[in-house]
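Read through the structure below, which is laid out as structure tokens, and then see the notes.
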Amino acid sequence: MRKSTIWLLAVVMAFAFAGLLFLQVKYVSIILKKSSEQFNETVKRSLHQVSKTLELDETRKYLEEDIKRDANNYLQNSQEPQNIAQSLSQQKLQIQDSNGNILQIEQLHSFSQKFQPLSSLDKKQSTNNIVSTSQDLQQTLKRRLKYQNALMQEVVLSMVNTANLKPIQERVDFKKLNNYLKTEFINNGLNLPFIFFVINKDGEIVYQSGEIKKEPIASDIITYVLFPNDPPSKQNYLKVYFPTKGDYISSSVTFIIPSVIFSLILLVTFIFTIYIVFRQKKLSEMKNDFINNMTHELKTPVSTISLAAQMLKDSDITKSLDVFKHISGVINDETKRLGFLVEKVLQMSLFERQKAALKLKEVDANDLVISVANTFVLKVEKYNGSLDIDLQATESSIYVDEMHITNVLFNLMDNAVKYRRPEVPLTLMVRTWNENGKLLIAVEDNGIGIKKEYLKKVFDRFFRVPTGNVHDVKGFGLGLAYVRKIIEDHKGTIRAEIGPGNVGTKFIITLPLIKS
């Protein structure tokens, strides 16, 4: 698959995931907004009902007091039927008889005092006067009832106009208000803890039902007018705050949280997959380069050995001892070269197995360093260089695979020789010392060095430091990868640093001692 195709696939999938996440976030925000608006509307509806209930309570209170007062007056003025005449004598009322004459209280009183037994004619006339007086009394009671009704309406109107003059503390029972609020909220499905404030017409808090632990957001406090019929300048306010409003509204979108989590998991998985695809493609390209280079490298010694073998068939060449030694030396050198290339292939197979089969035994690191360094003395001197060995480690016994550790040191020193600066004499130093109960081995050189951004990448498989179109040194990018793997399999570490004075390279190996 071409890299452009992979990039196109990555862009399309990224766009699709981004759109999906955007729609989910947008949907959640809309749900939260609608839930908040619905919550506020429910609270306002409940507050409206509570305000209406308070108005009815206040009206009922004033009416009951007025009716009770009028009932007491009526009971005081009402008496038995046989004492009607005496009752009428005590009331300051005007009564109109059947002849249209208005009788004053005093006249009725004198009439009752002058009443004496009469003749039958007088009795008959007296009876007619009593019936007429009773009818007039009924009419008077009806007029009194109408008067009381008008008086009650006047009282109610006076109450409405003057009630707002009283302090809110006298008009509202706060405990009863708390019960009203709780009942209305529960009836509307809001069984949540709340705190309410009563604000008087001067803007002062006259009552607060509880303490607020943290400063609330202004939008979370819902305000409603108590007694909306009061004049605007004398209105009192009721404010309600729900501490758990956020949790209540958030619970309405909990069903979508798993969907968002799964989408994020898919997104992370997709990104990781794309990363793996690119990495595998890069490794595949590097592996192909390795195979191509290896094929090219194998052709050279094979063709050389083949040519030398053909030359040995010539009887004239076998007669010359010097020529024979030269040809046999070439065959020997090319055979070693083939062996080295085969070892590189074996190193590559080592990575495929992931775990090296180590044959561990006790080894003295100082002796191992001297043994490997001695094989490089002639190579270093060939380039007018010098090899210094500084063995400061007092404890140098390590438990390692001698062959692999030897190859590690050989690779590091061989790189120092291969990547020297032609115009500068090579200086190679191998040093050992102890630190924090471990053994450290350093290989330093004054060669071309490694740029800082490549210090960690040099240990990757098939990686070679870019040198443009210059390919003076042959290689496959496996040497340092092999070094790191062997050191890590021995429970050690290796790192690369820029040499002293920003010249050359310094590799530091850390290995555990036997006693550790």
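All residue names refer to the structure tokens as shown: chains lettered A, B, ... in order, residues numbered from 1 in each chain, ligands numbered from 1 in order.
Close contacts of stretch 394-404 of chain A, defined as residues with an atom at most 6 Å away when counting only C-alpha atoms, with chain neighbours fewer than 5 positions off set aside, comprise Leu358, Lys359, Leu360, Lys361, Glu362, Val363, Asp364, Ala365, Leu513 and Ile514 of chain A.
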For the residues in that selection, give me N, CA, C and O atoms as a PDB file, in the first residue's frame.
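Below you can see result-v9.pdb, which holds the result:
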```pdb
ATOM      1  N   LEU A 358      20.822 -16.995  26.069  1.00  0.00           N
ATOM      2  CA  LEU A 358      22.090 -16.609  26.682  1.00  0.00           C
ATOM      3  C   LEU A 358      22.690 -17.777  27.473  1.00  0.00           C
ATOM      4  O   LEU A 358      21.978 -18.494  28.187  1.00  0.00           O
ATOM      5  N   LYS A 359      23.983 -17.937  27.347  1.00  0.00           N
ATOM      6  CA  LYS A 359      24.733 -18.907  28.135  1.00  0.00           C
ATOM      7  C   LYS A 359      25.532 -18.125  29.174  1.00  0.00           C
ATOM      8  O   LYS A 359      26.666 -17.697  28.924  1.00  0.00           O
ATOM      9  N   LEU A 360      24.928 -17.923  30.339  1.00  0.00           N
ATOM     10  CA  LEU A 360      25.510 -17.049  31.344  1.00  0.00           C
ATOM     11  C   LEU A 360      26.603 -17.764  32.142  1.00  0.00           C
ATOM     12  O   LEU A 360      26.485 -18.949  32.463  1.00  0.00           O
ATOM     13  N   LYS A 361      27.626 -16.988  32.469  1.00  0.00           N
ATOM     14  CA  LYS A 361      28.674 -17.476  33.354  1.00  0.00           C
ATOM     15  C   LYS A 361      29.388 -16.271  33.964  1.00  0.00           C
ATOM     16  O   LYS A 361      29.245 -15.139  33.492  1.00  0.00           O
ATOM     17  N   GLU A 362      30.148 -16.510  34.998  1.00  0.00           N
ATOM     18  CA  GLU A 362      30.857 -15.422  35.668  1.00  0.00           C
ATOM     19  C   GLU A 362      32.058 -14.993  34.823  1.00  0.00           C
ATOM     20  O   GLU A 362      32.875 -15.811  34.399  1.00  0.00           O
ATOM     21  N   VAL A 363      32.147 -13.679  34.587  1.00  0.00           N
ATOM     22  CA  VAL A 363      33.212 -13.116  33.759  1.00  0.00           C
ATOM     23  C   VAL A 363      33.760 -11.877  34.445  1.00  0.00           C
ATOM     24  O   VAL A 363      33.006 -11.103  35.055  1.00  0.00           O
ATOM     25  N   ASP A 364      35.063 -11.677  34.321  1.00  0.00           N
ATOM     26  CA  ASP A 364      35.689 -10.454  34.818  1.00  0.00           C
ATOM     27  C   ASP A 364      35.648  -9.423  33.695  1.00  0.00           C
ATOM     28  O   ASP A 364      36.259  -9.609  32.633  1.00  0.00           O
ATOM     29  N   ALA A 365      34.944  -8.346  33.899  1.00  0.00           N
ATOM     30  CA  ALA A 365      34.740  -7.347  32.853  1.00  0.00           C
ATOM     31  C   ALA A 365      36.055  -6.689  32.444  1.00  0.00           C
ATOM     32  O   ALA A 365      36.261  -6.387  31.256  1.00  0.00           O
ATOM     33  N   LEU A 513      26.311  -6.059  38.882  1.00  0.00           N
ATOM     34  CA  LEU A 513      27.369  -6.932  39.390  1.00  0.00           C
ATOM     35  C   LEU A 513      26.760  -8.227  39.927  1.00  0.00           C
ATOM     36  O   LEU A 513      25.552  -8.310  40.181  1.00  0.00           O
ATOM     37  N   ILE A 514      27.588  -9.228  40.118  1.00  0.00           N
ATOM     38  CA  ILE A 514      27.096 -10.514  40.604  1.00  0.00           C
ATOM     39  C   ILE A 514      26.459 -10.357  41.980  1.00  0.00           C
ATOM     40  O   ILE A 514      25.403 -10.940  42.264  1.00  0.00           O
TER      41      ILE A 514
END
```
Could you give me, as an mmCIF file with all heavy atoms, in the first residue's frame, each residue of stretch 208-265 of chain A that DSSP assigns to strand (DSSP E or B) when run on this structure's backbone?
```
data_model
loop_
_atom_site.group_PDB
_atom_site.id
_atom_site.type_symbol
_atom_site.label_atom_id
_atom_site.label_comp_id
_atom_site.auth_asym_id
_atom_site.auth_seq_id
_atom_site.Cartn_x
_atom_site.Cartn_y
_atom_site.Cartn_z
ATOM 1 N N GLN A 208 -33.260 33.444 55.535
ATOM 2 C CA GLN A 208 -32.502 32.502 54.713
ATOM 3 C C GLN A 208 -32.621 31.136 55.362
ATOM 4 O O GLN A 208 -32.334 30.969 56.551
ATOM 5 C CB GLN A 208 -31.042 32.917 54.598
ATOM 6 C CG GLN A 208 -30.189 31.989 53.758
ATOM 7 C CD GLN A 208 -28.773 32.522 53.533
ATOM 8 O OE1 GLN A 208 -28.547 33.725 53.606
ATOM 9 N NE2 GLN A 208 -27.841 31.621 53.273
ATOM 10 N N ILE A 221 -29.679 30.874 40.618
ATOM 11 C CA ILE A 221 -30.634 31.393 41.595
ATOM 12 C C ILE A 221 -31.873 31.881 40.851
ATOM 13 O O ILE A 221 -31.780 32.736 39.969
ATOM 14 C CB ILE A 221 -30.016 32.531 42.433
ATOM 15 C CG1 ILE A 221 -28.803 32.008 43.210
ATOM 16 C CG2 ILE A 221 -31.051 33.100 43.389
ATOM 17 C CD1 ILE A 221 -28.111 33.077 44.026
ATOM 18 N N ILE A 222 -33.021 31.313 41.198
ATOM 19 C CA ILE A 222 -34.284 31.654 40.528
ATOM 20 C C ILE A 222 -35.074 32.588 41.436
ATOM 21 O O ILE A 222 -35.281 32.311 42.626
ATOM 22 C CB ILE A 222 -35.082 30.386 40.220
ATOM 23 C CG1 ILE A 222 -34.239 29.456 39.331
ATOM 24 C CG2 ILE A 222 -36.395 30.729 39.536
ATOM 25 C CD1 ILE A 222 -34.876 28.121 39.074
ATOM 26 N N THR A 223 -35.520 33.719 40.882
ATOM 27 C CA THR A 223 -36.197 34.773 41.642
ATOM 28 C C THR A 223 -37.657 34.864 41.215
ATOM 29 O O THR A 223 -37.974 34.773 40.024
ATOM 30 C CB THR A 223 -35.501 36.118 41.427
ATOM 31 O OG1 THR A 223 -34.105 35.991 41.765
ATOM 32 C CG2 THR A 223 -36.120 37.200 42.309
ATOM 33 N N TYR A 224 -38.555 35.058 42.209
ATOM 34 C CA TYR A 224 -39.969 35.248 41.903
ATOM 35 C C TYR A 224 -40.540 36.257 42.890
ATOM 36 O O TYR A 224 -40.076 36.386 44.026
ATOM 37 C CB TYR A 224 -40.737 33.922 42.000
ATOM 38 C CG TYR A 224 -42.040 33.928 41.248
ATOM 39 C CD1 TYR A 224 -42.070 33.698 39.880
ATOM 40 C CD2 TYR A 224 -43.244 34.182 41.904
ATOM 41 C CE1 TYR A 224 -43.254 33.717 39.172
ATOM 42 C CE2 TYR A 224 -44.440 34.203 41.211
ATOM 43 C CZ TYR A 224 -44.450 33.973 39.844
ATOM 44 O OH TYR A 224 -45.621 34.015 39.147
ATOM 45 N N VAL A 225 -41.601 36.983 42.453
ATOM 46 C CA VAL A 225 -42.185 38.049 43.273
ATOM 47 C C VAL A 225 -43.191 37.449 44.244
ATOM 48 O O VAL A 225 -44.055 36.649 43.859
ATOM 49 C CB VAL A 225 -42.874 39.102 42.387
ATOM 50 C CG1 VAL A 225 -43.490 40.196 43.253
ATOM 51 C CG2 VAL A 225 -41.880 39.705 41.407
ATOM 52 N N LEU A 226 -43.066 37.817 45.514
ATOM 53 C CA LEU A 226 -44.097 37.494 46.487
ATOM 54 C C LEU A 226 -45.181 38.563 46.442
ATOM 55 O O LEU A 226 -44.872 39.763 46.408
ATOM 56 C CB LEU A 226 -43.492 37.429 47.895
ATOM 57 C CG LEU A 226 -42.681 36.178 48.244
ATOM 58 C CD1 LEU A 226 -42.039 36.341 49.609
ATOM 59 C CD2 LEU A 226 -43.558 34.947 48.225
ATOM 60 N N ASN A 236 -41.904 42.388 47.379
ATOM 61 C CA ASN A 236 -40.927 41.530 48.035
ATOM 62 C C ASN A 236 -40.613 40.342 47.107
ATOM 63 O O ASN A 236 -41.434 39.975 46.261
ATOM 64 C CB ASN A 236 -41.474 41.030 49.369
ATOM 65 C CG ASN A 236 -41.857 42.174 50.296
ATOM 66 O OD1 ASN A 236 -41.031 42.750 50.970
ATOM 67 N ND2 ASN A 236 -43.162 42.520 50.298
ATOM 68 N N TYR A 237 -39.427 39.754 47.299
ATOM 69 C CA TYR A 237 -38.973 38.714 46.363
ATOM 70 C C TYR A 237 -38.599 37.441 47.118
ATOM 71 O O TYR A 237 -38.130 37.484 48.263
ATOM 72 C CB TYR A 237 -37.775 39.197 45.553
ATOM 73 C CG TYR A 237 -38.100 40.367 44.655
ATOM 74 C CD1 TYR A 237 -37.930 41.667 45.094
ATOM 75 C CD2 TYR A 237 -38.587 40.153 43.372
ATOM 76 C CE1 TYR A 237 -38.240 42.741 44.270
ATOM 77 C CE2 TYR A 237 -38.891 41.218 42.541
ATOM 78 C CZ TYR A 237 -38.718 42.505 42.992
ATOM 79 O OH TYR A 237 -39.026 43.564 42.173
ATOM 80 N N LEU A 238 -38.813 36.337 46.425
ATOM 81 C CA LEU A 238 -38.431 35.026 46.920
ATOM 82 C C LEU A 238 -37.384 34.452 45.968
ATOM 83 O O LEU A 238 -37.614 34.347 44.765
ATOM 84 C CB LEU A 238 -39.648 34.100 46.989
ATOM 85 C CG LEU A 238 -39.383 32.635 47.340
ATOM 86 C CD1 LEU A 238 -38.829 32.513 48.751
ATOM 87 C CD2 LEU A 238 -40.656 31.801 47.189
ATOM 88 N N LYS A 239 -36.206 34.078 46.490
ATOM 89 C CA LYS A 239 -35.132 33.500 45.686
ATOM 90 C C LYS A 239 -34.862 32.082 46.168
ATOM 91 O O LYS A 239 -34.786 31.840 47.372
ATOM 92 C CB LYS A 239 -33.859 34.336 45.780
ATOM 93 C CG LYS A 239 -34.000 35.728 45.158
ATOM 94 C CD LYS A 239 -32.669 36.466 45.138
ATOM 95 C CE LYS A 239 -32.795 37.817 44.433
ATOM 96 N NZ LYS A 239 -31.504 38.517 44.343
ATOM 97 N N VAL A 240 -34.686 31.172 45.205
ATOM 98 C CA VAL A 240 -34.470 29.759 45.518
ATOM 99 C C VAL A 240 -33.192 29.296 44.835
ATOM 100 O O VAL A 240 -32.957 29.600 43.658
ATOM 101 C CB VAL A 240 -35.658 28.895 45.065
ATOM 102 C CG1 VAL A 240 -35.419 27.435 45.440
ATOM 103 C CG2 VAL A 240 -36.944 29.384 45.695
ATOM 104 N N TYR A 241 -32.369 28.558 45.583
ATOM 105 C CA TYR A 241 -31.110 28.017 45.055
ATOM 106 C C TYR A 241 -31.057 26.514 45.330
ATOM 107 O O TYR A 241 -31.314 26.071 46.448
ATOM 108 C CB TYR A 241 -29.914 28.714 45.713
ATOM 109 C CG TYR A 241 -28.583 28.054 45.434
ATOM 110 C CD1 TYR A 241 -28.071 28.002 44.138
ATOM 111 C CD2 TYR A 241 -27.844 27.476 46.463
ATOM 112 C CE1 TYR A 241 -26.856 27.388 43.885
ATOM 113 C CE2 TYR A 241 -26.624 26.875 46.212
ATOM 114 C CZ TYR A 241 -26.140 26.830 44.914
ATOM 115 O OH TYR A 241 -24.931 26.224 44.662
#
```
Which residues are near A:Ser303? Cut-off 12 Å, only C-alpha atoms, ignore same chain within fewer than 4 positions. Put them as an NGL selection string. :A and (296-299 or 307-310 or 330-331 or 334-335 or 338)
Output N, CA, C and O atoms for every residue in that selection, as an mmCIF file, in the first residue's frame.
```cif
data_model
loop_
_atom_site.group_PDB
_atom_site.id
_atom_site.type_symbol
_atom_site.label_atom_id
_atom_site.label_comp_id
_atom_site.auth_asym_id
_atom_site.auth_seq_id
_atom_site.Cartn_x
_atom_site.Cartn_y
_atom_site.Cartn_z
ATOM 1 N N HIS A 296 23.713 -7.527 -2.283
ATOM 2 C CA HIS A 296 24.848 -6.906 -2.962
ATOM 3 C C HIS A 296 26.161 -7.255 -2.261
ATOM 4 O O HIS A 296 27.176 -7.545 -2.916
ATOM 5 N N GLU A 297 26.135 -7.227 -0.921
ATOM 6 C CA GLU A 297 27.348 -7.521 -0.167
ATOM 7 C C GLU A 297 27.759 -8.985 -0.309
ATOM 8 O O GLU A 297 28.956 -9.315 -0.347
ATOM 9 N N LEU A 298 26.788 -9.880 -0.408
ATOM 10 C CA LEU A 298 27.112 -11.293 -0.545
ATOM 11 C C LEU A 298 27.702 -11.611 -1.920
ATOM 12 O O LEU A 298 28.518 -12.536 -2.059
ATOM 13 N N LYS A 299 27.267 -10.883 -2.915
ATOM 14 C CA LYS A 299 27.776 -11.134 -4.269
ATOM 15 C C LYS A 299 29.280 -10.900 -4.375
ATOM 16 O O LYS A 299 30.003 -11.648 -5.062
ATOM 17 N N LEU A 307 36.394 -16.468 -8.268
ATOM 18 C CA LEU A 307 37.508 -16.111 -9.144
ATOM 19 C C LEU A 307 38.813 -16.708 -8.636
ATOM 20 O O LEU A 307 39.636 -17.241 -9.419
ATOM 21 N N ALA A 308 39.012 -16.661 -7.323
ATOM 22 C CA ALA A 308 40.245 -17.212 -6.738
ATOM 23 C C ALA A 308 40.306 -18.721 -6.930
ATOM 24 O O ALA A 308 41.382 -19.303 -7.199
ATOM 25 N N ALA A 309 39.171 -19.367 -6.796
ATOM 26 C CA ALA A 309 39.135 -20.821 -6.987
ATOM 27 C C ALA A 309 39.487 -21.178 -8.422
ATOM 28 O O ALA A 309 40.196 -22.179 -8.683
ATOM 29 N N GLN A 310 39.007 -20.387 -9.372
ATOM 30 C CA GLN A 310 39.339 -20.646 -10.775
ATOM 31 C C GLN A 310 40.835 -20.436 -11.035
ATOM 32 O O GLN A 310 41.463 -21.173 -11.815
ATOM 33 N N VAL A 330 43.369 -14.187 0.025
ATOM 34 C CA VAL A 330 42.130 -13.545 -0.440
ATOM 35 C C VAL A 330 40.926 -14.417 -0.117
ATOM 36 O O VAL A 330 39.878 -13.926 0.350
ATOM 37 N N ILE A 331 41.062 -15.726 -0.381
ATOM 38 C CA ILE A 331 39.950 -16.639 -0.085
ATOM 39 C C ILE A 331 39.636 -16.623 1.406
ATOM 40 O O ILE A 331 38.465 -16.600 1.826
ATOM 41 N N GLU A 334 37.870 -13.259 2.304
ATOM 42 C CA GLU A 334 36.497 -13.200 1.814
ATOM 43 C C GLU A 334 35.606 -14.179 2.564
ATOM 44 O O GLU A 334 34.411 -13.938 2.758
ATOM 45 N N THR A 335 36.208 -15.300 2.994
ATOM 46 C CA THR A 335 35.438 -16.252 3.802
ATOM 47 C C THR A 335 35.053 -15.625 5.134
ATOM 48 O O THR A 335 33.917 -15.789 5.615
ATOM 49 N N LEU A 338 32.271 -13.284 4.511
ATOM 50 C CA LEU A 338 31.008 -14.013 4.406
ATOM 51 C C LEU A 338 30.475 -14.400 5.774
ATOM 52 O O LEU A 338 29.274 -14.318 6.069
#
```
Record the distance separating atom CA of A:Val28 and atom CA of A:Leu264, expressed in Å with one decimal.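 Atom-to-atom, atom CA of A:Val28 to atom CA of A:Leu264, that is 15.3 Å.
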Of the listed residues A:Leu387, A:Ile168, A:Leu439, A:Asn200, that which approaches A:Gly492 most closely, counting only C-alpha atoms: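 Among the listed residues, A:Leu439 lies closest to A:Gly492.
Checking A:Lys34, A:Lys281, A:Lys506, A:Lys313 one by one against A:Ser252, counting only C-alpha atoms, you find the shortest gap at A:Lys34.
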